[in-house]
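See below for the structure under consideration.
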Amino acid sequence: MHVIETQNLYKEYTQKFSKQKVNALNDFTFNVEQGEIFGLLGPNGAGKTTLIKILLAITFPTNGSAKLFGTDVKNHKAKAKVGYLPENHKFPSYLTGEQVLSYYGELSGMKGGSEMNKRIDEMLGLMNLAKWRKTKIKKYSKGMMQKLGLAQSMLSDPDLIFLDEPTDGVDPIGRKEIRDILAQIKSRGKTIFLNSHLLSEVEMICDRVAILNKGDLIKEGNVEDLTKTENVFAIHTVESLSLEIKQKILLIDKNAGIGEKEINTETGLANLNKIIDILRSSNISIQSVNQKTSTLEELFINVIKKDNTN
Amino acid sequence: MLTIIQNTFREALAKKIFYGYYIFYAIVILIMIFLVNMDSVEGVMSLADSKMLVQQVETGFFTLSWNLIIFFSLISTASFIPSMLEKGTIDLLISKPISRPIILISKFLGAVLFVFLSMVFLLGSIWLILSLKSGYWDPKFLLSILWITLAFASMYSVVVIIGLTTQSTVVAILVSFFLIFVLCPLLSLREAVIFSLVSNDTVKFVFDFLYYVLPKPGEFKDIANSMILSEQINMWKNSVNTETGIFTISWLSPISSVLFMLAVMAYSIFYFSKKDY
Ligand SMILES: Nc1ncnc2c1ncn2[C@@H]1O[C@H](COP(=O)(O)OP(=O)(O)OP(=O)(O)O)[C@@H](O)[C@H]1O
Ligand SMILES: [Mg+2]
């Protein structure tokens, strides 16, 4: 059973006045498995939030269907073990931090009482908000609100958590803490679905990502596989390369980039080994051979550019 | 469900308007105490006299303030639906494992229950003061708590549907003001006022139709007063005795108002369940 399962999701918004149609999602099919941290990337307006809203039945798809834990999202019971942090969430401002947590905890089906209080203590401690628990949330800063929102999403110990821009407005230390918390949740077999623009962060914590552009799924896969650039290698040598060796190498790969102690080739494994043979037969010591990786950010910008020109 | 009702209470209590509301009630109660003490200067009354006096004070009080109390109650609760629908609030609420109809019904019941308790406080105090002072204890007045709450609930269904469709507290308040103070009184008096001016059959039909369909908060007051005075209440039709000019209210008003409320709430639930947020 997949934790999240969607079938040809299609969502069209009609603008109220201009009657213009916006395709927020186009034939979107994907699954998320248990224990994964899944990252959904995409430029502003790509449809990321729309997808989460459809999965939580906050918005209804024009076409297609979605299931959580095998139950159709139209059934509100599908959301029994789900936590959610909306983007720009807004809690009732007349509540204190502690009251917010107990209110949403009860709505999630938790029983009030000492059990819940213990859990609230734990979550506020985790988010460094313990000394703010009795303060009305209208006095909270943006980052504090965000942390409270995260605490809320994790309070009932859900099996699946949707986070829409979780680190928005949180300082670097707080962000690091949040990453650690997410890793810890994952280690307990929970599934996390994350929307984010902070690609370096996504790269650090996500197992699998999908890139969404204008409602289309344009790339999906493991973070490692996506960022690996096949056939691109760099060789570093101890000794400097003579002109003679350089020419031999250019015979194998005429586009190779050759420096004083560095060779870059993009023509694959066989040529890489031929180059190494030349170096070794010329008694050149090799310091390192690396397969180049691109950052998620480079990949992201590349695929979005490509998709937009098509 | 209980959680949402409880939170609706918190929301009401957090509002500044709530204090205004209760200060107003406290003043009303104080005035009552003051008036009652003035009366007692005139000496000891017979039980029959005091019964009449109490009934007069009670019905007089309602005639003056019934619509006003309902309107105040609507103002203090009108923002519940629009504030629930704010971006970032509604998303989170719907993401919880609660069905949308239950969310909306809980909000509605929360507001009605809040007004009911306010009425227990206001009308209960007035009843206690009058009864203590006069020695005439008649619980029929307390039934008015029910009638005024029902009158409120039938009007609140309008606030709910307007709040859902426009997400605006101001529009909801304006419409309920118009209904309570303009349209409904006008419709109640349609025979005396409008039909004497125009005799067109279509106009007549439209006004009759509106009268029977729309809620009639003011006529709940007539029911309450008739009960206090132990007067007769007709089953289906309001009537005016042509000789004495005495007006007799019928059960039709509360029944049609409650039906109206149920219909509007059913539509509200349908609307809320289908809407994208
Ligand atoms: N309620 C709505 N009515 C009409 N159009 C909408 C509505 N909500 C979203 N859209 C449109 O759908 C598209 C996708 O919006 P969505 O909020 O899902 O983007 P996003 O990927 O979350 O963007 P961001 O990174 O800025 O949060 C946008 O073009 C947006 O204008
Ligand atoms: Mg978004």
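Starting from 1 in every chain, residues are counted up; chains themselves are A, B, ... following the order of the structure tokens, and ligands are numbered from 1 as listed.
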
Kindly provide, as a PyMOL selection string, the residues of chain A having any atom no farther than 10 Å from an atom of chain B, counting only C-alpha atoms. chain A and resi 13+50+53-61+74-95+99+102-109+153

Surrounding residues as a list in words, ligand 2, max 10 Å, only C-alpha atoms and all ligand atoms: Leu41, Gly42, Pro43, Asn44, Gly45, Ala46, Gly47, Lys48, Thr49, Thr50, Leu51, Ile52, Lys53, Pro86, Glu87, Asn88, Asp164, Glu165, Asn195, Ser196 and His197 of chain A

Take the selection from the previous step and output its residues with N, CA and C atoms, as a CSV table (one decimal), in the first residue's frame.
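Contents of out19.csv, as written:
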```csv
chain,number,residue,atom,x,y,z
A,41,LEU,N,9.4,20.2,-5.6
A,41,LEU,CA,10.0,21.5,-6.0
A,41,LEU,C,9.3,22.1,-7.2
A,42,GLY,N,9.5,23.4,-7.3
A,42,GLY,CA,8.9,24.0,-8.5
A,42,GLY,C,8.8,25.5,-8.3
A,43,PRO,N,8.8,26.3,-9.4
A,43,PRO,CA,8.8,27.7,-9.2
A,43,PRO,C,7.5,28.2,-8.6
A,44,ASN,N,7.4,29.5,-8.3
A,44,ASN,CA,6.1,30.0,-7.7
A,44,ASN,C,5.0,29.8,-8.7
A,45,GLY,N,3.9,29.4,-8.2
A,45,GLY,CA,2.7,29.1,-9.0
A,45,GLY,C,2.8,27.8,-9.8
A,46,ALA,N,3.7,26.9,-9.4
A,46,ALA,CA,3.8,25.7,-10.2
A,46,ALA,C,2.6,24.7,-9.9
A,47,GLY,N,2.0,24.9,-8.7
A,47,GLY,CA,0.9,24.0,-8.3
A,47,GLY,C,1.3,23.1,-7.1
A,48,LYS,N,2.3,23.5,-6.4
A,48,LYS,CA,2.7,22.6,-5.3
A,48,LYS,C,1.7,22.6,-4.2
A,49,THR,N,1.3,23.9,-3.8
A,49,THR,CA,0.3,24.0,-2.7
A,49,THR,C,-1.0,23.4,-3.1
A,50,THR,N,-1.4,23.6,-4.4
A,50,THR,CA,-2.6,23.0,-4.9
A,50,THR,C,-2.6,21.5,-4.8
A,51,LEU,N,-1.5,20.8,-5.0
A,51,LEU,CA,-1.4,19.4,-4.9
A,51,LEU,C,-1.7,19.0,-3.4
A,52,ILE,N,-1.0,19.6,-2.5
A,52,ILE,CA,-1.2,19.3,-1.1
A,52,ILE,C,-2.7,19.5,-0.7
A,53,LYS,N,-3.3,20.6,-1.2
A,53,LYS,CA,-4.7,20.9,-0.8
A,53,LYS,C,-5.6,19.8,-1.4
A,86,PRO,N,0.1,24.4,6.8
A,86,PRO,CA,-0.2,25.1,5.6
A,86,PRO,C,0.8,26.3,5.4
A,87,GLU,N,0.9,26.7,4.2
A,87,GLU,CA,1.8,27.9,4.0
A,87,GLU,C,1.0,29.1,4.6
A,88,ASN,N,1.7,30.1,5.2
A,88,ASN,CA,1.0,31.2,5.8
A,88,ASN,C,-0.1,30.8,6.7
A,164,ASP,N,4.3,22.6,4.1
A,164,ASP,CA,4.3,23.6,3.0
A,164,ASP,C,5.3,24.7,3.4
A,165,GLU,N,6.5,24.7,2.9
A,165,GLU,CA,7.5,25.7,3.2
A,165,GLU,C,7.8,25.8,4.7
A,195,ASN,N,7.2,20.7,0.7
A,195,ASN,CA,7.2,21.7,-0.4
A,195,ASN,C,8.3,22.7,0.0
A,196,SER,N,9.2,23.0,-0.9
A,196,SER,CA,10.2,24.0,-0.5
A,196,SER,C,10.9,24.6,-1.7
A,197,HIS,N,11.3,25.9,-1.5
A,197,HIS,CA,12.1,26.5,-2.5
A,197,HIS,C,13.6,26.4,-2.2
```

Identify which of the residues A:Leu296, A:Gly35, A:Lys190, A:Gly112 lies closest to Glu224 in chain A, counting only C-alpha atoms when measuring atom-to-atom distances. A:Leu296

What lies within 10 Å of Lys176 in chain A using only C-alpha atoms, ignoring chain neighbours under 6 positions off, as a list of chain:residue names? A:Thr167, A:Val170, A:Leu182, A:Glu201

Writer output for current selection, C-alpha atoms, as a PDB file, in the first residue's frame:
```
ATOM      1  CA  THR A 167      11.415  26.689   7.278  1.00  0.00           C
ATOM      2  CA  VAL A 170      13.040  30.494  10.547  1.00  0.00           C
ATOM      3  CA  LEU A 182      12.522  15.739  10.514  1.00  0.00           C
ATOM      4  CA  GLU A 201      17.906  22.179   2.253  1.00  0.00           C
TER       5      GLU A 201
END
```

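The protein and nucleic acid residues lying at most 7 Å from range 240-257 of chain B are Ser154, Tyr212, Val213, Leu214, Pro215, Lys216, Glu219, Phe220, Asp222, Ile223, Ile233, Asn234, Met235, Trp236, Lys237, Phe260 and Met261 of chain B, with only C-alpha atoms considered and sequence neighbours fewer than 3 positions away removed.
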
Residues as selected, all heavy atoms, written as a short mmCIF file (atom, residue, chain, number, x, y, z; two decimals), in the first residue's frame, can you do that?
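The file below, result-v4.cif, is the result:
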```cif
data_model
loop_
_atom_site.label_atom_id
_atom_site.label_comp_id
_atom_site.auth_asym_id
_atom_site.auth_seq_id
_atom_site.Cartn_x
_atom_site.Cartn_y
_atom_site.Cartn_z
N SER B 154 -32.80 31.49 13.70
CA SER B 154 -33.35 31.57 12.35
C SER B 154 -32.70 32.71 11.57
O SER B 154 -32.46 32.61 10.38
CB SER B 154 -34.87 31.74 12.38
OG SER B 154 -35.22 32.97 12.95
N TYR B 212 -44.30 34.50 4.17
CA TYR B 212 -44.40 33.13 4.67
C TYR B 212 -43.06 32.41 4.63
O TYR B 212 -42.81 31.50 5.41
CB TYR B 212 -45.47 32.35 3.89
CG TYR B 212 -46.85 32.81 4.28
CD1 TYR B 212 -47.68 33.47 3.39
CD2 TYR B 212 -47.31 32.61 5.60
CE1 TYR B 212 -48.93 33.93 3.76
CE2 TYR B 212 -48.56 33.06 5.98
CZ TYR B 212 -49.37 33.71 5.07
OH TYR B 212 -50.59 34.16 5.47
N VAL B 213 -42.18 32.83 3.72
CA VAL B 213 -40.90 32.12 3.58
C VAL B 213 -39.85 32.63 4.56
O VAL B 213 -39.16 31.86 5.22
CB VAL B 213 -40.38 32.25 2.14
CG1 VAL B 213 -38.93 31.81 2.05
CG2 VAL B 213 -41.24 31.41 1.21
N LEU B 214 -39.73 33.94 4.69
CA LEU B 214 -38.64 34.50 5.49
C LEU B 214 -38.87 34.29 7.00
O LEU B 214 -40.00 34.11 7.43
CB LEU B 214 -38.51 36.01 5.20
CG LEU B 214 -37.91 36.35 3.85
CD1 LEU B 214 -37.91 37.86 3.65
CD2 LEU B 214 -36.48 35.82 3.75
N PRO B 215 -37.78 34.30 7.76
CA PRO B 215 -37.94 34.18 9.21
C PRO B 215 -38.59 35.44 9.78
O PRO B 215 -38.47 36.51 9.21
CB PRO B 215 -36.51 34.02 9.71
CG PRO B 215 -35.67 34.68 8.68
CD PRO B 215 -36.37 34.46 7.38
N LYS B 216 -39.29 35.26 10.90
CA LYS B 216 -40.00 36.40 11.48
C LYS B 216 -39.58 36.58 12.93
O LYS B 216 -40.30 36.20 13.84
CB LYS B 216 -41.51 36.13 11.37
CG LYS B 216 -41.97 36.08 9.92
CD LYS B 216 -43.35 35.51 9.75
CE LYS B 216 -43.31 34.03 9.41
NZ LYS B 216 -42.69 33.71 8.13
N GLU B 219 -42.05 38.20 15.39
CA GLU B 219 -43.26 37.48 15.80
C GLU B 219 -42.99 36.43 16.86
O GLU B 219 -43.90 35.96 17.53
CB GLU B 219 -43.94 36.90 14.56
CG GLU B 219 -44.40 38.05 13.66
CD GLU B 219 -45.25 37.63 12.48
OE1 GLU B 219 -45.58 36.44 12.37
OE2 GLU B 219 -45.57 38.51 11.67
N PHE B 220 -41.72 36.08 17.02
CA PHE B 220 -41.37 35.24 18.16
C PHE B 220 -41.66 36.00 19.45
O PHE B 220 -42.01 35.42 20.47
CB PHE B 220 -39.88 34.88 18.13
CG PHE B 220 -39.56 33.70 17.27
CD1 PHE B 220 -39.12 33.88 15.98
CD2 PHE B 220 -39.71 32.41 17.76
CE1 PHE B 220 -38.82 32.80 15.18
CE2 PHE B 220 -39.40 31.32 16.97
CZ PHE B 220 -38.96 31.51 15.67
N ASP B 222 -44.09 38.14 19.82
CA ASP B 222 -45.53 38.07 20.08
C ASP B 222 -45.90 36.75 20.73
O ASP B 222 -46.75 36.68 21.61
CB ASP B 222 -46.30 38.24 18.76
CG ASP B 222 -46.05 39.61 18.14
OD1 ASP B 222 -45.77 40.55 18.92
OD2 ASP B 222 -46.10 39.73 16.91
N ILE B 223 -45.21 35.68 20.28
CA ILE B 223 -45.45 34.37 20.90
C ILE B 223 -45.05 34.43 22.37
O ILE B 223 -45.80 34.02 23.27
CB ILE B 223 -44.61 33.28 20.19
CG1 ILE B 223 -45.11 33.05 18.78
CG2 ILE B 223 -44.61 32.00 21.01
CD1 ILE B 223 -46.21 32.05 18.64
N ILE B 233 -53.23 31.31 21.41
CA ILE B 233 -52.39 31.38 20.22
C ILE B 233 -53.04 30.55 19.13
O ILE B 233 -53.38 29.38 19.35
CB ILE B 233 -50.98 30.83 20.52
CG1 ILE B 233 -50.29 31.71 21.56
CG2 ILE B 233 -50.14 30.77 19.24
CD1 ILE B 233 -48.95 31.22 22.01
N ASN B 234 -53.28 31.17 17.98
CA ASN B 234 -53.92 30.44 16.88
C ASN B 234 -52.98 29.38 16.33
O ASN B 234 -51.77 29.46 16.51
CB ASN B 234 -54.26 31.39 15.72
CG ASN B 234 -55.38 32.33 16.08
OD1 ASN B 234 -56.07 32.12 17.10
ND2 ASN B 234 -55.57 33.36 15.28
N MET B 235 -53.59 28.42 15.63
CA MET B 235 -52.74 27.37 15.07
C MET B 235 -52.06 27.86 13.79
O MET B 235 -50.85 27.83 13.67
CB MET B 235 -53.60 26.13 14.77
CG MET B 235 -52.76 24.90 14.48
SD MET B 235 -51.63 24.51 15.83
CE MET B 235 -50.16 24.08 14.93
N TRP B 236 -52.82 28.32 12.82
CA TRP B 236 -52.25 28.55 11.50
C TRP B 236 -52.21 30.01 11.05
O TRP B 236 -51.44 30.36 10.18
CB TRP B 236 -52.98 27.74 10.42
CG TRP B 236 -52.72 26.29 10.58
CD1 TRP B 236 -53.62 25.32 10.88
CD2 TRP B 236 -51.44 25.63 10.48
NE1 TRP B 236 -53.01 24.10 10.98
CE2 TRP B 236 -51.66 24.26 10.74
CE3 TRP B 236 -50.15 26.07 10.22
CZ2 TRP B 236 -50.63 23.33 10.74
CZ3 TRP B 236 -49.13 25.14 10.22
CH2 TRP B 236 -49.38 23.78 10.48
N LYS B 237 -53.13 30.82 11.57
CA LYS B 237 -53.18 32.14 10.97
C LYS B 237 -53.26 33.23 12.02
O LYS B 237 -54.02 33.11 12.99
CB LYS B 237 -54.40 32.21 10.03
CG LYS B 237 -54.38 33.41 9.11
CD LYS B 237 -54.96 33.10 7.74
CE LYS B 237 -55.09 34.35 6.88
NZ LYS B 237 -53.90 35.20 6.84
N PHE B 260 -37.44 27.60 7.63
CA PHE B 260 -36.53 28.45 6.86
C PHE B 260 -35.08 28.21 7.30
O PHE B 260 -34.18 28.02 6.49
CB PHE B 260 -36.90 29.91 7.06
CG PHE B 260 -35.91 30.88 6.46
CD1 PHE B 260 -35.99 31.24 5.13
CD2 PHE B 260 -34.91 31.45 7.25
CE1 PHE B 260 -35.09 32.13 4.58
CE2 PHE B 260 -34.00 32.32 6.71
CZ PHE B 260 -34.09 32.68 5.37
N MET B 261 -34.90 28.20 8.63
CA MET B 261 -33.55 28.01 9.17
C MET B 261 -32.98 26.67 8.72
O MET B 261 -31.83 26.59 8.27
CB MET B 261 -33.62 28.06 10.70
CG MET B 261 -32.32 27.74 11.39
SD MET B 261 -32.56 27.69 13.16
CE MET B 261 -33.13 26.02 13.38
#
```

Which residues, written as number ranges by chain, have at least one atom at most 10 Å from Leu109 in chain B, with only C-alpha atoms counted and residues fewer than 3 positions away on the same chain left out? B: 1-2, 4-5, 8, 104-106, 112-115, 153

Suppose we keep N, CA and C atoms; can you now write the selection as a tab-separated table (two decimals), in the first residue's frame?
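Dumped everything to out-v4.tsv:
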```tsv
chain	number	residue	atom	x	y	z
B	1	MET	N	-16.46	17.84	17.62
B	1	MET	CA	-17.59	18.76	17.56
B	1	MET	C	-17.60	19.66	18.79
B	2	LEU	N	-17.47	19.03	19.95
B	2	LEU	CA	-17.44	19.79	21.19
B	2	LEU	C	-16.28	20.77	21.19
B	4	ILE	N	-14.92	22.29	18.66
B	4	ILE	CA	-15.19	23.47	17.83
B	4	ILE	C	-16.16	24.39	18.55
B	5	ILE	N	-17.18	23.81	19.20
B	5	ILE	CA	-18.14	24.63	19.94
B	5	ILE	C	-17.41	25.40	21.03
B	8	THR	N	-15.47	28.18	19.62
B	8	THR	CA	-16.34	29.28	19.22
B	8	THR	C	-16.64	30.16	20.42
B	104	LEU	N	-19.26	22.92	10.08
B	104	LEU	CA	-20.19	24.04	9.95
B	104	LEU	C	-21.29	23.98	11.02
B	105	ILE	N	-21.82	22.78	11.23
B	105	ILE	CA	-22.88	22.64	12.24
B	105	ILE	C	-22.35	23.03	13.62
B	106	SER	N	-21.11	22.63	13.92
B	106	SER	CA	-20.54	22.97	15.22
B	106	SER	C	-20.43	24.48	15.39
B	112	VAL	N	-25.21	29.64	18.54
B	112	VAL	CA	-26.56	29.58	19.13
B	112	VAL	C	-26.47	29.32	20.63
B	113	LEU	N	-25.58	28.43	21.00
B	113	LEU	CA	-25.44	28.10	22.42
B	113	LEU	C	-24.91	29.30	23.20
B	114	PHE	N	-24.01	30.03	22.57
B	114	PHE	CA	-23.46	31.22	23.20
B	114	PHE	C	-24.58	32.23	23.48
B	115	VAL	N	-25.43	32.44	22.49
B	115	VAL	CA	-26.53	33.39	22.67
B	115	VAL	C	-27.53	32.85	23.70
B	153	ALA	N	-31.50	32.11	16.09
B	153	ALA	CA	-30.98	31.03	15.25
B	153	ALA	C	-31.51	31.14	13.83
```

If you run DSSP on the backbone here, which positions in range 88-235 of chain A get alpha helix (DSSP H)? Please write them as a VMD selection string. chain A and resid 97 to 107 114 to 126 142 to 154 172 to 187 199 to 205 223 to 227

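Among the candidates A:Met110, A:Val22, A:Ala256, A:Leu251, the one nearest to ligand 1 when counting only C-alpha atoms and all ligand atoms is A:Val22.
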
Those of range 97-270 of chain B in DSSP strand (DSSP E or B), formatted as a ChimeraX atom specification: /B:234,239-240,247-248,250

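Using only C-alpha atoms, the residues found no farther than 12 Å from Ser187 in chain A, other than those of its own chain fewer than 6 positions away, are Gln34, Gly35, Glu36, Ile37, Asp159, Asp180, Ile181 and Ile205 of chain A.
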
Calculate how many Å separate CA of Lys140 in chain B from CA of Met227 in chain B, rounding to one decimal. 6.7 Å

Considering only C-alpha atoms and all ligand atoms, can you say which of A:Arg179, A:Lys214, A:Arg119, A:Lys136 comes closest to ligand 1? A:Lys214

Contact residues around range 62-64 of chain A with only C-alpha atoms at 7 Å, ignoring same-chain residues under 6 positions, as a ChimeraX atom specification: /A:7-12
